[in-house]
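Engineer: Just coords_14.cif, nothing more (mmCIF, C-alpha atoms and all ligand atoms):
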```cif
data_query
loop_
_atom_site.group_PDB
_atom_site.id
_atom_site.type_symbol
_atom_site.label_atom_id
_atom_site.label_comp_id
_atom_site.auth_asym_id
_atom_site.auth_seq_id
_atom_site.Cartn_x
_atom_site.Cartn_y
_atom_site.Cartn_z
ATOM 1 C CA MET A 15 17.561 1.709 -6.684
ATOM 2 C CA SER A 16 17.418 -2.082 -6.371
ATOM 3 C CA TYR A 17 14.574 -3.974 -4.771
ATOM 4 C CA VAL A 18 15.674 -7.021 -2.799
ATOM 5 C CA HIS A 19 13.371 -9.504 -4.540
ATOM 6 C CA GLY A 20 13.925 -8.005 -7.986
ATOM 7 C CA TYR A 21 11.305 -7.694 -10.722
ATOM 8 C CA SER A 22 11.480 -11.071 -12.449
ATOM 9 C CA GLU A 23 8.476 -13.009 -13.727
ATOM 10 C CA ARG A 24 9.049 -15.462 -10.918
ATOM 11 C CA GLU A 25 8.858 -12.664 -8.337
ATOM 12 C CA ALA A 26 5.667 -11.335 -9.944
ATOM 13 C CA GLN A 27 4.165 -14.815 -9.636
ATOM 14 C CA ARG A 28 5.338 -15.034 -5.998
ATOM 15 C CA LEU A 29 3.563 -11.754 -5.219
ATOM 16 C CA GLN A 30 0.357 -12.988 -6.870
ATOM 17 C CA ASP A 31 0.535 -16.313 -5.000
ATOM 18 C CA GLN A 32 1.229 -14.558 -1.708
ATOM 19 C CA ALA A 33 -1.696 -12.187 -2.180
ATOM 20 C CA GLY A 34 -4.031 -15.007 -3.189
ATOM 21 C CA THR A 35 -3.083 -17.179 -0.229
ATOM 22 C CA LEU A 36 -3.408 -14.346 2.292
ATOM 23 C CA VAL A 37 -6.382 -12.520 0.798
ATOM 24 C CA ASP A 38 -8.785 -13.030 3.702
ATOM 25 C CA LEU A 39 -6.172 -12.322 6.334
ATOM 26 C CA LEU A 40 -4.889 -9.175 4.626
ATOM 27 C CA HIS A 41 -8.184 -7.686 3.446
ATOM 28 C CA ARG A 42 -10.614 -8.889 6.055
ATOM 29 C CA GLY A 43 -10.942 -5.439 7.627
ATOM 30 C CA THR A 44 -10.307 -3.314 4.579
ATOM 31 C CA SER A 45 -13.131 -1.806 2.621
ATOM 32 C CA TYR A 46 -13.622 1.809 1.639
ATOM 33 C CA PRO A 47 -16.895 3.672 1.136
ATOM 34 C CA PRO A 48 -18.152 4.900 -2.237
ATOM 35 C CA GLY A 49 -16.426 8.104 -3.244
ATOM 36 C CA ALA A 50 -13.382 7.544 -1.012
ATOM 37 C CA ARG A 51 -10.029 8.467 -2.507
ATOM 38 C CA VAL A 52 -7.484 5.796 -1.588
ATOM 39 C CA LEU A 53 -3.742 5.716 -2.182
ATOM 40 C CA GLU A 54 -2.183 2.277 -2.577
ATOM 41 C CA ALA A 55 1.510 2.730 -1.898
ATOM 42 C CA GLY A 56 3.869 0.273 -3.620
ATOM 43 C CA CYS A 57 1.268 -1.622 -5.635
ATOM 44 C CA GLY A 58 3.864 -3.784 -7.428
ATOM 45 C CA VAL A 59 2.218 -6.038 -10.002
ATOM 46 C CA GLY A 60 -1.248 -5.275 -8.634
ATOM 47 C CA ALA A 61 -1.601 -8.390 -6.503
ATOM 48 C CA GLN A 62 -3.371 -6.415 -3.746
ATOM 49 C CA THR A 63 -4.824 -3.801 -6.095
ATOM 50 C CA VAL A 64 -7.229 -6.248 -7.713
ATOM 51 C CA THR A 65 -8.656 -7.192 -4.313
ATOM 52 C CA LEU A 66 -8.843 -3.585 -3.125
ATOM 53 C CA ALA A 67 -10.689 -2.547 -6.277
ATOM 54 C CA ALA A 68 -13.068 -5.513 -6.057
ATOM 55 C CA ARG A 69 -13.904 -5.064 -2.380
ATOM 56 C CA SER A 70 -14.489 -1.314 -2.664
ATOM 57 C CA PRO A 71 -16.012 -0.835 -6.123
ATOM 58 C CA GLY A 72 -17.219 2.695 -5.360
ATOM 59 C CA ALA A 73 -13.869 3.958 -4.101
ATOM 60 C CA HIS A 74 -11.277 5.505 -6.365
ATOM 61 C CA PHE A 75 -7.734 4.121 -6.050
ATOM 62 C CA THR A 76 -4.418 5.682 -6.986
ATOM 63 C CA ALA A 77 -1.918 2.830 -7.149
ATOM 64 C CA MET A 78 1.680 3.930 -7.060
ATOM 65 C CA ASP A 79 5.015 2.202 -7.586
ATOM 66 C CA ARG A 80 8.422 3.234 -8.834
ATOM 67 C CA ASP A 81 8.831 0.293 -11.211
ATOM 68 C CA GLU A 82 7.278 0.820 -14.632
ATOM 69 C CA ALA A 83 7.196 -2.866 -15.592
ATOM 70 C CA SER A 84 5.370 -3.712 -12.363
ATOM 71 C CA LEU A 85 2.898 -0.902 -13.001
ATOM 72 C CA ALA A 86 2.256 -2.241 -16.509
ATOM 73 C CA ALA A 87 1.563 -5.693 -15.054
ATOM 74 C CA ALA A 88 -0.727 -4.135 -12.428
ATOM 75 C CA ARG A 89 -2.648 -2.253 -15.136
ATOM 76 C CA ARG A 90 -3.141 -5.500 -17.053
ATOM 77 C CA ALA A 91 -4.280 -7.402 -13.933
ATOM 78 C CA VAL A 92 -6.800 -4.732 -12.937
ATOM 79 C CA SER A 93 -8.095 -4.375 -16.465
ATOM 80 C CA ALA A 94 -8.405 -8.168 -16.901
ATOM 81 C CA ALA A 95 -10.435 -8.284 -13.683
ATOM 82 C CA GLY A 96 -12.748 -5.652 -15.175
ATOM 83 C CA HIS A 97 -12.125 -2.888 -12.643
ATOM 84 C CA ARG A 98 -12.274 0.736 -13.734
ATOM 85 C CA ASN A 99 -11.684 2.428 -10.387
ATOM 86 C CA VAL A 100 -7.875 2.461 -10.345
ATOM 87 C CA GLU A 101 -5.381 4.886 -11.815
ATOM 88 C CA PHE A 102 -1.677 4.155 -11.796
ATOM 89 C CA LEU A 103 1.245 6.417 -11.135
ATOM 90 C CA ASN A 104 4.998 5.978 -11.252
ATOM 91 C CA GLY A 105 6.724 7.703 -8.344
ATOM 92 C CA ASP A 106 8.805 7.516 -5.194
ATOM 93 C CA LEU A 107 6.866 6.948 -1.983
ATOM 94 C CA ARG A 108 9.428 9.000 -0.055
ATOM 95 C CA ALA A 109 8.428 12.148 -1.933
ATOM 96 C CA LEU A 110 4.765 11.871 -2.856
ATOM 97 C CA PRO A 111 3.586 14.256 -5.580
ATOM 98 C CA PHE A 112 0.351 15.124 -3.750
ATOM 99 C CA ALA A 113 -0.810 18.037 -1.656
ATOM 100 C CA ASP A 114 -1.481 17.516 2.044
ATOM 101 C CA ALA A 115 -4.758 15.709 2.833
ATOM 102 C CA THR A 116 -5.372 14.637 -0.777
ATOM 103 C CA PHE A 117 -6.608 11.152 0.171
ATOM 104 C CA ASP A 118 -9.235 9.715 2.484
ATOM 105 C CA HIS A 119 -7.246 6.535 3.121
ATOM 106 C CA ALA A 120 -3.896 4.937 2.362
ATOM 107 C CA PHE A 121 -2.898 1.291 2.107
ATOM 108 C CA ALA A 122 0.592 -0.219 1.945
ATOM 109 C CA CYS A 123 1.296 -3.944 1.967
ATOM 110 C CA PHE A 124 4.764 -5.523 2.149
ATOM 111 C CA VAL A 125 6.403 -2.274 1.111
ATOM 112 C CA LEU A 126 8.093 -0.553 4.051
ATOM 113 C CA GLU A 127 10.448 -3.445 4.641
ATOM 114 C CA HIS A 128 11.890 -2.799 1.173
ATOM 115 C CA VAL A 129 12.443 0.935 1.461
ATOM 116 C CA PRO A 130 15.645 2.337 2.956
ATOM 117 C CA GLY A 131 14.448 4.836 5.569
ATOM 118 C CA PRO A 132 10.843 3.599 5.753
ATOM 119 C CA ALA A 133 9.930 6.314 8.276
ATOM 120 C CA SER A 134 10.054 8.805 5.399
ATOM 121 C CA VAL A 135 7.325 6.826 3.638
ATOM 122 C CA LEU A 136 5.176 6.807 6.775
ATOM 123 C CA ARG A 137 5.638 10.561 7.113
ATOM 124 C CA GLU A 138 4.611 11.103 3.501
ATOM 125 C CA LEU A 139 1.592 8.790 3.759
ATOM 126 C CA SER A 140 0.499 10.565 6.949
ATOM 127 C CA ARG A 141 0.848 13.919 5.205
ATOM 128 C CA VAL A 142 -1.279 13.073 2.168
ATOM 129 C CA ILE A 143 -4.213 11.567 4.079
ATOM 130 C CA ARG A 144 -6.676 13.843 5.768
ATOM 131 C CA PRO A 145 -7.138 13.904 9.561
ATOM 132 C CA GLY A 146 -9.578 11.212 10.656
ATOM 133 C CA SER A 147 -8.688 8.918 7.766
ATOM 134 C CA THR A 148 -7.032 5.497 7.996
ATOM 135 C CA LEU A 149 -3.533 4.359 7.171
ATOM 136 C CA THR A 150 -3.347 0.598 6.732
ATOM 137 C CA VAL A 151 0.149 -0.848 6.869
ATOM 138 C CA ILE A 152 0.798 -4.562 6.516
ATOM 139 C CA GLU A 153 4.315 -5.837 6.985
ATOM 140 C CA ASP A 154 6.137 -9.053 7.637
ATOM 141 C CA GLU A 155 6.951 -9.206 11.340
ATOM 142 C CA ALA A 156 10.191 -10.960 10.473
ATOM 143 C CA SER A 157 11.525 -8.063 8.404
ATOM 144 C CA ASP A 158 15.234 -7.531 8.750
ATOM 145 C CA PRO A 159 16.148 -5.113 10.186
ATOM 146 C CA PRO A 160 12.983 -4.955 12.309
ATOM 147 C CA LEU A 161 10.878 -1.814 11.842
ATOM 148 C CA THR A 162 10.879 -0.964 15.545
ATOM 149 C CA ALA A 163 11.636 2.739 15.175
ATOM 150 C CA GLU A 164 9.017 3.160 12.467
ATOM 151 C CA ARG A 165 6.414 1.539 14.714
ATOM 152 C CA ALA A 166 7.261 3.924 17.487
ATOM 153 C CA SER A 167 6.786 6.877 15.138
ATOM 154 C CA LEU A 168 3.110 5.994 14.604
ATOM 155 C CA PRO A 169 0.616 7.634 16.968
ATOM 156 C CA CYS A 170 -0.470 4.402 18.640
ATOM 157 C CA GLY A 171 2.206 1.934 17.777
ATOM 158 C CA TRP A 172 1.757 -0.439 14.908
ATOM 159 C CA PRO A 173 -0.153 -3.660 15.277
ATOM 160 C CA PRO A 174 0.451 -5.673 12.098
ATOM 161 C CA THR A 175 -2.509 -6.109 9.744
ATOM 162 C CA GLU A 176 -4.497 -3.509 11.687
ATOM 163 C CA SER A 177 -5.673 -0.129 10.502
ATOM 164 C CA VAL A 178 -4.819 2.802 12.721
ATOM 165 C CA ARG A 179 -7.008 5.846 12.720
ATOM 166 C CA HIS A 180 -4.823 8.759 11.787
ATOM 167 C CA GLY A 181 -4.915 11.666 14.194
ATOM 168 C CA ALA A 182 -7.700 10.283 16.390
ATOM 169 C CA PRO A 183 -7.216 9.841 20.138
ATOM 170 C CA GLY A 184 -8.062 6.119 20.250
ATOM 171 C CA CYS A 185 -6.041 4.604 17.463
ATOM 172 C CA GLY A 186 -7.589 1.560 15.910
ATOM 173 C CA SER A 187 -10.965 2.363 17.434
HETATM 174 C C1 LIG A 201 7.138 -6.772 -2.125
HETATM 175 S S1 LIG A 201 6.521 -5.652 -3.367
HETATM 176 C C2 LIG A 201 4.839 -5.575 -2.776
HETATM 177 C C3 LIG A 201 3.874 -5.214 -3.840
HETATM 178 C C4 LIG A 201 2.397 -5.278 -3.397
HETATM 179 N N1 LIG A 201 2.103 -4.297 -2.378
HETATM 180 C C5 LIG A 201 2.001 -6.647 -2.921
HETATM 181 O O1 LIG A 201 1.690 -6.847 -1.765
HETATM 182 O O2 LIG A 201 2.018 -7.572 -3.773
HETATM 183 C C6 LIG A 201 7.173 -4.043 -2.909
HETATM 184 C C7 LIG A 201 6.943 -2.974 -3.974
HETATM 185 O O3 LIG A 201 7.337 -1.709 -3.407
HETATM 186 C C8 LIG A 201 7.894 -0.940 -4.441
HETATM 187 N N2 LIG A 201 8.740 0.109 -3.848
HETATM 188 C C9 LIG A 201 9.794 -0.070 -3.015
HETATM 189 N N3 LIG A 201 10.325 1.121 -2.679
HETATM 190 C C10 LIG A 201 9.592 2.075 -3.331
HETATM 191 C C11 LIG A 201 9.651 3.496 -3.380
HETATM 192 N N4 LIG A 201 10.584 4.191 -2.710
HETATM 193 N N5 LIG A 201 8.745 4.152 -4.142
HETATM 194 C C12 LIG A 201 7.794 3.458 -4.837
HETATM 195 N N6 LIG A 201 7.688 2.117 -4.816
HETATM 196 C C13 LIG A 201 8.582 1.422 -4.076
HETATM 197 C C14 LIG A 201 8.692 -1.941 -5.265
HETATM 198 O O4 LIG A 201 8.933 -1.443 -6.583
HETATM 199 C C15 LIG A 201 7.776 -3.165 -5.228
HETATM 200 O O5 LIG A 201 6.916 -3.189 -6.355
#
```
For the structure just supplied, provide its representation as structure tokens.
Ligand SMILES: C[S@@+](CC[C@H](N)C(=O)[O-])C[C@H]1O[C@@H](n2cnc3c(N)ncnc32)[C@H](O)[C@@H]1O
Structural biologist:
Amino acid sequence: MSYVHGYSEREAQRLQDQAGTLVDLLHRGTSYPPGARVLEAGCGVGAQTVTLAARSPGAHFTAMDRDEASLAAARRAVSAAGHRNVEFLNGDLRALPFADATFDHAFACFVLEHVPGPASVLRELSRVIRPGSTLTVIEDEASDPPLTAERASLPCGWPPTESVRHGAPGCGS
């Protein structure tokens, strides 16, 4: 399956530049406690992974993408940054190879807008995190087509760059 931006070196650099420019905005509210198991969905070349691993050194991350070359680049970036708390996995986010409630948290950044049928990814992410955990989804508000239906499928709507508390009555609280 094609990915709209492709997997060129230039695109890898764009992802790194984007992540670097937006690091405080994107990660301001995201840190995970020691021992937490966190799924990063659609890690690409690891542009967010490096920050996740650095900001939550005691958490254990599973970073997943379907593109092997991107995963290889992500492995190199994480290793070069000296982090040892990330494992990488090639797979399709629409059919996650994990049992229900495997993870304490999930994080996806600039991914849903690139997946045909993104609601299936949200369903899978919701399935593999345990009740009371967080699902952090960051998307470009200008995505085309807009992700209106997917927002509505979340328990409390979907404020961009906010974490929603999965399964809790007051989402985001
Ligand atoms: C725009 S990149 C974002 C990468 C990273 N999250 C970031 O912010 O730099 C989107 C990534 O989602 C991955 N992706 C898209 N659909 C996928 C799917 N169905 N399963 C796994 N990965 C997918 C692509 O391979 C690509 O690496």
Engineer: A:Gly56, A:Ala88, A:Glu82, A:Thr76: which is nearest Val129 of chain A, counting all atoms listed in the file?
Structural biologist: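 Comparing A:Gly56, A:Ala88, A:Glu82, A:Thr76 against Val129 of chain A, the winner is A:Gly56.
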Engineer: Mind running chain A against ligand LIG 201 (chain A) at 6 Å and telling me each contacting residue's nearest atom pair with the distance in Å (one decimal), counting all atoms listed in the file, chain and number ascending, as CSV?
Structural biologist:
```
residue,atom,partner,partner_atom,distance
A:Leu29,CA,A:LIG201,O2,4.7
A:Gly56,CA,A:LIG201,O3,4.0
A:Cys57,CA,A:LIG201,N1,4.3
A:Gly58,CA,A:LIG201,O5,3.3
A:Ala61,CA,A:LIG201,O2,4.6
A:Gln62,CA,A:LIG201,C5,5.4
A:Asp79,CA,A:LIG201,N6,3.9
A:Arg80,CA,A:LIG201,C12,4.1
A:Asp81,CA,A:LIG201,O4,4.9
A:Gly105,CA,A:LIG201,C12,5.6
A:Asp106,CA,A:LIG201,N5,3.5
A:Leu107,CA,A:LIG201,N5,4.0
A:Arg108,CA,A:LIG201,N4,5.6
A:Cys123,CA,A:LIG201,N1,4.4
A:Phe124,CA,A:LIG201,C2,4.9
A:Val125,CA,A:LIG201,C6,4.5
A:His128,CA,A:LIG201,C9,5.4
A:Val129,CA,A:LIG201,N3,4.7
```
Engineer: Just the number, please: distance in Å from atom CA of Ala120 of chain A to atom CA of Gln32 of chain A, one decimal.
Structural biologist: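 One can read the atom CA of Ala120 of chain A to atom CA of Gln32 of chain A distance as 20.6 Å.
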Engineer: Determine the nearest neighbour of Ala33 of chain A from the options A:Glu54, A:Pro47, A:Thr63, A:Gly20, counting all atoms listed in the file.
Structural biologist: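 Closest residue, counting all atoms listed in the file: A:Thr63.
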Engineer: Counting only C-alpha atoms, which of A:Pro71, A:Pro48, A:Gly60, A:Gly34 gets nearest to Val92 of chain A?
Structural biologist: A:Gly60
Engineer: For a cut-off of 12 Å around (-9.5, -5.0, 2.5), file coordinates, pick out all residues using only C-alpha atoms and list them as a ChimeraX atom specification.
Structural biologist: /A:33,36-47,52,54,62-71,73,119-123,150-152,175-177
Engineer: Quote the spacing between atom CA of Val59 of chain A and atom CA of Leu85 of chain A in Å to one decimal place.
Structural biologist: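 Here the two named atoms are 6.0 Å from each other.
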Engineer: For the atom pair atom CA of Gly72 of chain A and atom CA of Ser93 of chain A, what is the interatomic distance in Å to one decimal place?
Structural biologist: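 Calculated distance between atom CA of Gly72 of chain A and atom CA of Ser93 of chain A is 16.0 Å.
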Engineer: Residue by residue, what does the PyMOL selection byres (((chain A and resi 74) around 6) and not hetatm) grab here? Present the result as a list in words.
Structural biologist: Arg51, Ala73, Phe75 and Asn99 of chain A
Engineer: Which residue is closest to Ala109 of chain A? Choose from A:Arg28, A:Arg141, A:His97, A:Arg90 and count only C-alpha atoms.
Structural biologist: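 Closest residue, counting only C-alpha atoms: A:Arg141.
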Engineer: Compare A:Leu139, A:Ala87, A:Ala95, A:Leu103 by their minimum atom-to-atom distance to Ala26 of chain A, counting all atoms listed in the file, and give me the closest one.
Structural biologist: A:Ala87
